[in-house]
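What follows is the content of upload.cif, which has mmCIF, C-alpha atoms and all ligand atoms:
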data_protein
loop_
_atom_site.label_atom_id
_atom_site.label_comp_id
_atom_site.auth_asym_id
_atom_site.auth_seq_id
_atom_site.Cartn_x
_atom_site.Cartn_y
_atom_site.Cartn_z
CA MET J 1 0.00 0.00 0.00
CA THR J 2 1.38 3.36 -0.99
CA ARG J 3 1.90 5.80 1.84
CA THR J 4 1.13 9.40 0.93
CA TYR J 5 2.23 12.31 3.07
CA GLU J 6 0.55 15.68 2.74
CA GLY J 7 0.24 18.79 4.85
CA GLY J 8 -3.25 20.21 5.28
CA TYR J 9 -4.50 23.72 5.81
CA ASP J 10 -6.11 23.45 9.24
CA ALA J 11 -3.59 25.46 11.22
CA ARG J 12 -5.34 25.43 14.59
CA GLY J 13 -2.70 25.38 17.34
CA LEU J 14 0.15 26.15 14.94
CA ARG J 15 2.77 28.64 16.12
CA VAL J 16 4.20 30.76 13.32
CA ALA J 17 6.90 33.43 13.23
CA VAL J 18 7.07 36.02 10.47
CA VAL J 19 10.31 37.88 9.70
CA VAL J 20 9.90 41.04 7.63
CA SER J 21 12.47 43.24 5.95
CA ARG J 22 12.03 46.97 6.63
CA PHE J 23 13.76 47.90 3.35
CA ASN J 24 11.00 48.84 0.89
CA ASP J 25 8.84 49.35 3.95
CA THR J 26 5.47 49.86 2.21
CA VAL J 27 5.77 46.60 0.29
CA GLY J 28 7.00 44.80 3.40
CA ARG J 29 3.95 45.92 5.40
CA ARG J 30 1.59 44.77 2.65
CA LEU J 31 3.29 41.38 2.50
CA LEU J 32 2.95 41.17 6.28
CA ASP J 33 -0.75 42.06 6.06
CA GLY J 34 -1.19 39.24 3.51
CA ALA J 35 0.66 36.74 5.69
CA LEU J 36 -1.32 37.66 8.83
CA ASP J 37 -4.59 37.48 6.87
CA CYS J 38 -3.69 33.98 5.69
CA LEU J 39 -2.77 32.82 9.21
CA ARG J 40 -6.02 34.17 10.68
CA ARG J 41 -8.14 32.64 7.91
CA HIS J 42 -6.56 29.28 8.71
CA ALA J 43 -7.32 29.53 12.44
CA VAL J 44 -3.87 30.45 13.75
CA ALA J 45 -4.42 32.36 17.01
CA ASP J 46 -2.95 35.88 17.18
CA ASP J 47 -1.14 34.87 20.39
CA ASP J 48 0.63 32.11 18.45
CA VAL J 49 2.12 34.53 15.91
CA GLY J 50 5.41 36.38 16.36
CA VAL J 51 6.63 39.14 14.04
CA ALA J 52 10.28 40.19 13.83
CA TRP J 53 11.56 43.12 11.76
CA VAL J 54 15.02 43.12 10.17
CA PRO J 55 16.76 45.96 8.29
CA GLY J 56 16.91 44.25 4.88
CA ALA J 57 16.41 40.97 3.06
CA PHE J 58 20.05 40.09 3.65
CA GLU J 59 19.33 39.82 7.38
CA LEU J 60 16.28 37.54 7.03
CA PRO J 61 18.10 34.18 7.29
CA LEU J 62 19.83 34.86 10.60
CA ALA J 63 16.66 36.03 12.35
CA ALA J 64 14.68 33.18 10.80
CA LYS J 65 17.23 30.64 12.00
CA ARG J 66 17.13 31.98 15.57
CA LEU J 67 13.33 31.84 15.63
CA ALA J 68 13.37 28.32 14.18
CA LEU J 69 15.86 27.12 16.80
CA SER J 70 13.92 28.72 19.66
CA GLY J 71 11.46 25.82 19.75
CA GLU J 72 8.66 28.39 20.05
CA TYR J 73 7.51 28.16 16.43
CA ASP J 74 6.45 25.38 14.07
CA ALA J 75 7.24 27.41 10.96
CA VAL J 76 8.81 30.69 9.95
CA VAL J 77 7.77 32.96 7.07
CA CYS J 78 10.32 35.35 5.54
CA LEU J 79 9.06 38.47 3.77
CA GLY J 80 10.74 41.27 1.86
CA ALA J 81 11.33 42.92 -1.47
CA VAL J 82 14.57 43.29 -3.38
CA ILE J 83 14.20 45.73 -6.24
CA ARG J 84 16.79 45.86 -9.00
CA GLY J 85 16.34 49.53 -9.86
CA GLU J 86 17.40 50.57 -6.39
CA THR J 87 20.61 48.65 -5.99
CA PRO J 88 23.71 47.69 -7.89
CA HIS J 89 24.08 44.77 -5.50
CA PHE J 90 20.58 43.40 -6.21
CA ASP J 91 21.96 40.01 -7.19
CA HIS J 92 24.03 39.66 -4.03
CA VAL J 93 21.18 40.62 -1.70
CA ALA J 94 18.61 38.48 -3.54
CA SER J 95 20.88 35.49 -3.76
CA ALA J 96 22.06 35.71 -0.13
CA ALA J 97 18.46 35.94 1.04
CA ALA J 98 17.32 32.93 -1.00
CA THR J 99 20.32 30.76 -0.21
CA GLY J 100 20.34 31.77 3.43
CA VAL J 101 16.64 31.06 3.97
CA ALA J 102 16.96 27.65 2.30
CA ARG J 103 20.01 26.86 4.42
CA ALA J 104 18.33 27.96 7.65
CA ALA J 105 15.44 25.59 6.92
CA LEU J 106 17.77 22.68 6.14
CA ASP J 107 20.00 23.39 9.16
CA THR J 108 17.12 23.61 11.63
CA GLY J 109 14.61 21.15 10.18
CA VAL J 110 11.92 23.79 10.66
CA PRO J 111 9.95 24.92 7.59
CA ILE J 112 11.04 28.43 6.60
CA THR J 113 9.26 29.84 3.58
CA PHE J 114 10.43 32.47 1.13
CA GLY J 115 8.08 35.37 0.55
CA VAL J 116 10.74 37.66 -0.85
CA LEU J 117 9.91 39.52 -4.04
CA THR J 118 12.75 39.99 -6.51
CA CYS J 119 11.57 42.56 -9.01
CA ASP J 120 12.89 45.01 -11.56
CA THR J 121 10.65 47.89 -10.48
CA PRO J 122 8.68 49.07 -7.43
CA GLU J 123 5.49 48.71 -9.52
CA GLN J 124 6.15 45.00 -10.07
CA ALA J 125 6.67 44.58 -6.33
CA GLU J 126 3.42 46.42 -5.49
CA GLN J 127 1.47 44.23 -7.93
CA ARG J 128 2.64 41.17 -5.98
CA ALA J 129 2.06 42.67 -2.55
CA GLY J 130 -1.71 42.94 -2.51
CA GLY J 131 -2.06 44.32 -6.05
CA LYS J 132 -3.44 42.71 -9.17
CA LEU J 133 -1.03 39.76 -9.02
CA GLY J 134 -2.00 38.70 -5.52
CA ASN J 135 -0.01 38.78 -2.31
CA LYS J 136 3.20 36.79 -2.01
CA GLY J 137 3.02 37.16 1.77
CA PHE J 138 -0.27 35.26 1.82
CA GLU J 139 1.26 32.54 -0.38
CA ALA J 140 4.36 32.22 1.80
CA ALA J 141 2.21 31.88 4.94
CA LEU J 142 0.08 29.22 3.23
CA ALA J 143 3.21 27.31 2.24
CA ALA J 144 4.40 27.51 5.87
CA ILE J 145 1.10 26.03 7.11
CA GLU J 146 1.27 23.20 4.59
CA MET J 147 4.92 22.44 5.32
CA ALA J 148 4.39 22.48 9.11
CA GLY J 149 1.62 19.91 8.64
CA LEU J 150 3.72 17.82 6.30
CA MET J 151 6.74 17.83 8.63
CA ALA J 152 4.51 16.70 11.50
CA SER J 153 3.28 13.75 9.45
CA LEU J 154 6.56 12.63 7.85
CA PRO J 155 8.62 9.93 9.59
CA LYS J 156 11.00 11.36 12.17
CA SER J 157 14.69 11.02 11.42
CA GLY J 158 15.95 7.74 12.86
CA ASP J 159 12.57 6.03 12.29
N1 LIG F 1 17.49 45.07 1.12
C1 LIG F 1 16.25 44.73 0.71
O1 LIG F 1 15.53 44.04 1.44
N2 LIG F 1 15.80 45.11 -0.51
C2 LIG F 1 16.55 45.88 -1.36
O2 LIG F 1 16.06 46.23 -2.47
C3 LIG F 1 17.84 46.27 -0.93
N3 LIG F 1 18.64 47.14 -1.75
O3 LIG F 1 18.09 47.74 -2.67
O4 LIG F 1 19.83 47.30 -1.52
C4 LIG F 1 18.31 45.84 0.34
N4 LIG F 1 19.54 46.17 0.79
C5 LIG F 1 19.89 46.10 2.17
C6 LIG F 1 20.43 44.72 2.57
O5 LIG F 1 19.37 43.78 2.61
C7 LIG F 1 21.08 44.77 3.94
O6 LIG F 1 20.12 45.20 4.89
C8 LIG F 1 22.28 45.72 4.00
O7 LIG F 1 23.21 45.38 2.98
C9 LIG F 1 22.98 45.61 5.37
O8 LIG F 1 23.50 44.30 5.59
#
Take the structure in the file and write it out as structure tokens.
Amino acid sequence: MTRTYEGGYDARGLRVAVVVSRFNDTVGRRLLDGALDCLRRHAVADDDVGVAWVPGAFELPLAAKRLALSGEYDAVVCLGAVIRGETPHFDHVASAAATGVARAALDTGVPITFGVLTCDTPEQAEQRAGGKLGNKGFEAALAAIEMAGLMASLPKSGD
């Protein structure tokens, strides 16, 4: 008999941390609004949500790793926007954020999702932060809920 593992979307009792980059503050706040909306719609209690602000996307992985290791959260959501027009080091910041978030998840075993926009213009970022192309913060929170459920159902290491 095939065993299938899947995370669901009933997030009652789940504890979730959200780390947000303050750089491109307006977009960051909209992504946070989307993430919090998603968590509430899926029955995560406000008291079970922690929000940490970091200066920029580059700093997301370190804060996410600390929150993941704290044992206080079942999943961590990382949010931010890296916009090419504003920085000659776009590629470094975007790549460090993506690699660092992935590494923090692998190092800790806690799901850490990537709601970081990498866009050419502020308009593109706004469209993906509650504009006509949805809200990447909502999507990243939903992925965190699903992954937390999946990790709880997968065999533990050593099993
Ligand atoms: N950080 C961002 O989150 N988005 C950006 O677009 C950005 N730009 O344009 O440079 C940015 N830079 C700051 C970086 O994340 C660090 O906070 C900074 O380098 C200090 O370590």
Between region 15-87 of chain J and region 1-10 of chain J, at 10 Å or less, what are the per-residue closest atom pairs and their distances in Å? Count all atoms listed in the file, order by chain and rising residue number, and return it as JSON lines.
{"residue": "J:Leu39", "atom": "CA", "partner": "J:Tyr9", "partner_atom": "CA", "distance": 9.9}
{"residue": "J:Arg41", "atom": "CA", "partner": "J:Asp10", "partner_atom": "CA", "distance": 9.5}
{"residue": "J:His42", "atom": "CA", "partner": "J:Asp10", "partner_atom": "CA", "distance": 5.9}
{"residue": "J:Ala43", "atom": "CA", "partner": "J:Asp10", "partner_atom": "CA", "distance": 7.0}
{"residue": "J:Val44", "atom": "CA", "partner": "J:Asp10", "partner_atom": "CA", "distance": 8.6}
Give me the chain J side of the contact with ligand LIG 1 (chain F), cut-off 12 Å, one line per residue showing its nearest atom pair and distance in Å at one decimal, counting all atoms listed in the file, sorted by chain and residue number, as a tab-separated table.
residue	atom	partner	partner_atom	distance
J:Val19	CA	F:LIG1	O1	11.6
J:Val20	CA	F:LIG1	O1	8.9
J:Ser21	CA	F:LIG1	O1	5.5
J:Arg22	CA	F:LIG1	O1	6.9
J:Phe23	CA	F:LIG1	O1	4.7
J:Asn24	CA	F:LIG1	N2	6.2
J:Asp25	CA	F:LIG1	O1	8.9
J:Thr26	CA	F:LIG1	O1	11.6
J:Val27	CA	F:LIG1	O1	10.2
J:Gly28	CA	F:LIG1	O1	8.8
J:Trp53	CA	F:LIG1	O1	11.1
J:Val54	CA	F:LIG1	O6	7.6
J:Pro55	CA	F:LIG1	O6	4.8
J:Gly56	CA	F:LIG1	O6	3.3
J:Ala57	CA	F:LIG1	O1	3.6
J:Phe58	CA	F:LIG1	O5	3.9
J:Glu59	CA	F:LIG1	O6	6.0
J:Leu60	CA	F:LIG1	O5	8.2
J:Pro61	CA	F:LIG1	O5	10.8
J:Leu62	CA	F:LIG1	O8	11.3
J:Cys78	CA	F:LIG1	O1	10.9
J:Leu79	CA	F:LIG1	O1	8.8
J:Gly80	CA	F:LIG1	O1	5.5
J:Ala81	CA	F:LIG1	N2	5.1
J:Val82	CA	F:LIG1	O2	3.4
J:Ile83	CA	F:LIG1	O2	4.2
J:Arg84	CA	F:LIG1	O2	6.6
J:Gly85	CA	F:LIG1	O3	7.6
J:Glu86	CA	F:LIG1	O3	4.7
J:Thr87	CA	F:LIG1	O3	4.3
J:Pro88	CA	F:LIG1	O4	7.5
J:His89	CA	F:LIG1	O4	6.3
J:Phe90	CA	F:LIG1	O3	6.1
J:Asp91	CA	F:LIG1	O4	9.5
J:His92	CA	F:LIG1	C6	9.1
J:Val93	CA	F:LIG1	O5	5.6
J:Ala94	CA	F:LIG1	N2	7.8
J:Ser95	CA	F:LIG1	O5	10.6
J:Ala96	CA	F:LIG1	O5	8.9
J:Ala97	CA	F:LIG1	O5	8.0
J:Ala98	CA	F:LIG1	O1	11.5
J:Gly115	CA	F:LIG1	O1	11.5
J:Val116	CA	F:LIG1	O1	8.3
J:Leu117	CA	F:LIG1	N2	8.9
J:Thr118	CA	F:LIG1	O2	8.1
J:Cys119	CA	F:LIG1	O2	8.7
J:Asp120	CA	F:LIG1	O2	9.7
J:Thr121	CA	F:LIG1	O2	9.8
J:Pro122	CA	F:LIG1	O2	9.3
J:Ala125	CA	F:LIG1	O2	10.3
Take the residues from that selection and write them out as an mmCIF file, keeping the file's coordinate frame, keeping C-alpha atoms.
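File written: result-v5.cif
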data_model
loop_
_atom_site.group_PDB
_atom_site.id
_atom_site.type_symbol
_atom_site.label_atom_id
_atom_site.label_comp_id
_atom_site.auth_asym_id
_atom_site.auth_seq_id
_atom_site.Cartn_x
_atom_site.Cartn_y
_atom_site.Cartn_z
ATOM 1 C CA VAL J 19 10.310 37.880 9.700
ATOM 2 C CA VAL J 20 9.900 41.040 7.630
ATOM 3 C CA SER J 21 12.470 43.240 5.950
ATOM 4 C CA ARG J 22 12.030 46.970 6.630
ATOM 5 C CA PHE J 23 13.760 47.900 3.350
ATOM 6 C CA ASN J 24 11.000 48.840 0.890
ATOM 7 C CA ASP J 25 8.840 49.350 3.950
ATOM 8 C CA THR J 26 5.470 49.860 2.210
ATOM 9 C CA VAL J 27 5.770 46.600 0.290
ATOM 10 C CA GLY J 28 7.000 44.800 3.400
ATOM 11 C CA TRP J 53 11.560 43.120 11.760
ATOM 12 C CA VAL J 54 15.020 43.120 10.170
ATOM 13 C CA PRO J 55 16.760 45.960 8.290
ATOM 14 C CA GLY J 56 16.910 44.250 4.880
ATOM 15 C CA ALA J 57 16.410 40.970 3.060
ATOM 16 C CA PHE J 58 20.050 40.090 3.650
ATOM 17 C CA GLU J 59 19.330 39.820 7.380
ATOM 18 C CA LEU J 60 16.280 37.540 7.030
ATOM 19 C CA PRO J 61 18.100 34.180 7.290
ATOM 20 C CA LEU J 62 19.830 34.860 10.600
ATOM 21 C CA CYS J 78 10.320 35.350 5.540
ATOM 22 C CA LEU J 79 9.060 38.470 3.770
ATOM 23 C CA GLY J 80 10.740 41.270 1.860
ATOM 24 C CA ALA J 81 11.330 42.920 -1.470
ATOM 25 C CA VAL J 82 14.570 43.290 -3.380
ATOM 26 C CA ILE J 83 14.200 45.730 -6.240
ATOM 27 C CA ARG J 84 16.790 45.860 -9.000
ATOM 28 C CA GLY J 85 16.340 49.530 -9.860
ATOM 29 C CA GLU J 86 17.400 50.570 -6.390
ATOM 30 C CA THR J 87 20.610 48.650 -5.990
ATOM 31 C CA PRO J 88 23.710 47.690 -7.890
ATOM 32 C CA HIS J 89 24.080 44.770 -5.500
ATOM 33 C CA PHE J 90 20.580 43.400 -6.210
ATOM 34 C CA ASP J 91 21.960 40.010 -7.190
ATOM 35 C CA HIS J 92 24.030 39.660 -4.030
ATOM 36 C CA VAL J 93 21.180 40.620 -1.700
ATOM 37 C CA ALA J 94 18.610 38.480 -3.540
ATOM 38 C CA SER J 95 20.880 35.490 -3.760
ATOM 39 C CA ALA J 96 22.060 35.710 -0.130
ATOM 40 C CA ALA J 97 18.460 35.940 1.040
ATOM 41 C CA ALA J 98 17.320 32.930 -1.000
ATOM 42 C CA GLY J 115 8.080 35.370 0.550
ATOM 43 C CA VAL J 116 10.740 37.660 -0.850
ATOM 44 C CA LEU J 117 9.910 39.520 -4.040
ATOM 45 C CA THR J 118 12.750 39.990 -6.510
ATOM 46 C CA CYS J 119 11.570 42.560 -9.010
ATOM 47 C CA ASP J 120 12.890 45.010 -11.560
ATOM 48 C CA THR J 121 10.650 47.890 -10.480
ATOM 49 C CA PRO J 122 8.680 49.070 -7.430
ATOM 50 C CA ALA J 125 6.670 44.580 -6.330
#
(message) Quick one: residues within 12 Å of Val51 (chain J), all atoms listed in the file, excluding same-chain residues fewer than 3 positions away - as a ChimeraX atom specification?
(response) /J:15-21,29,32-33,35-36,46-48,54,63-64,67,73,76-79
(request) Find the distance between CA of Gly71 (chain J) and CA of Pro155 (chain J) and write it in Å to one decimal. (result) 19.1 Å
(request) Tell me, in Å to one decimal, how far CA of Ala152 (chain J) is from CA of Glu72 (chain J). (result)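 About the pair CA of Ala152 (chain J) and CA of Glu72 (chain J): they are 15.1 Å apart.
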(request) Using only C-alpha atoms, pick whichever of J:Ile112, J:Asp107, J:Cys38, J:Lys65 has the shortest atom-to-atom distance to Ala148 (chain J). (result) J:Ile112
(request) May I ask which of the residues J:Ala11, J:Val110, J:Val49, J:Met147 is the closest one to Ala68 (chain J), counting all atoms listed in the file? (result)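 Using all atoms listed in the file, Ala68 (chain J) sits closest to J:Val110.
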(message) Using Å and a single decimal, report how far CA of Gly50 (chain J) sits from CA of Ile145 (chain J).
(response)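 About the pair CA of Ile145 (chain J) and CA of Gly50 (chain J): they are 14.5 Å apart.
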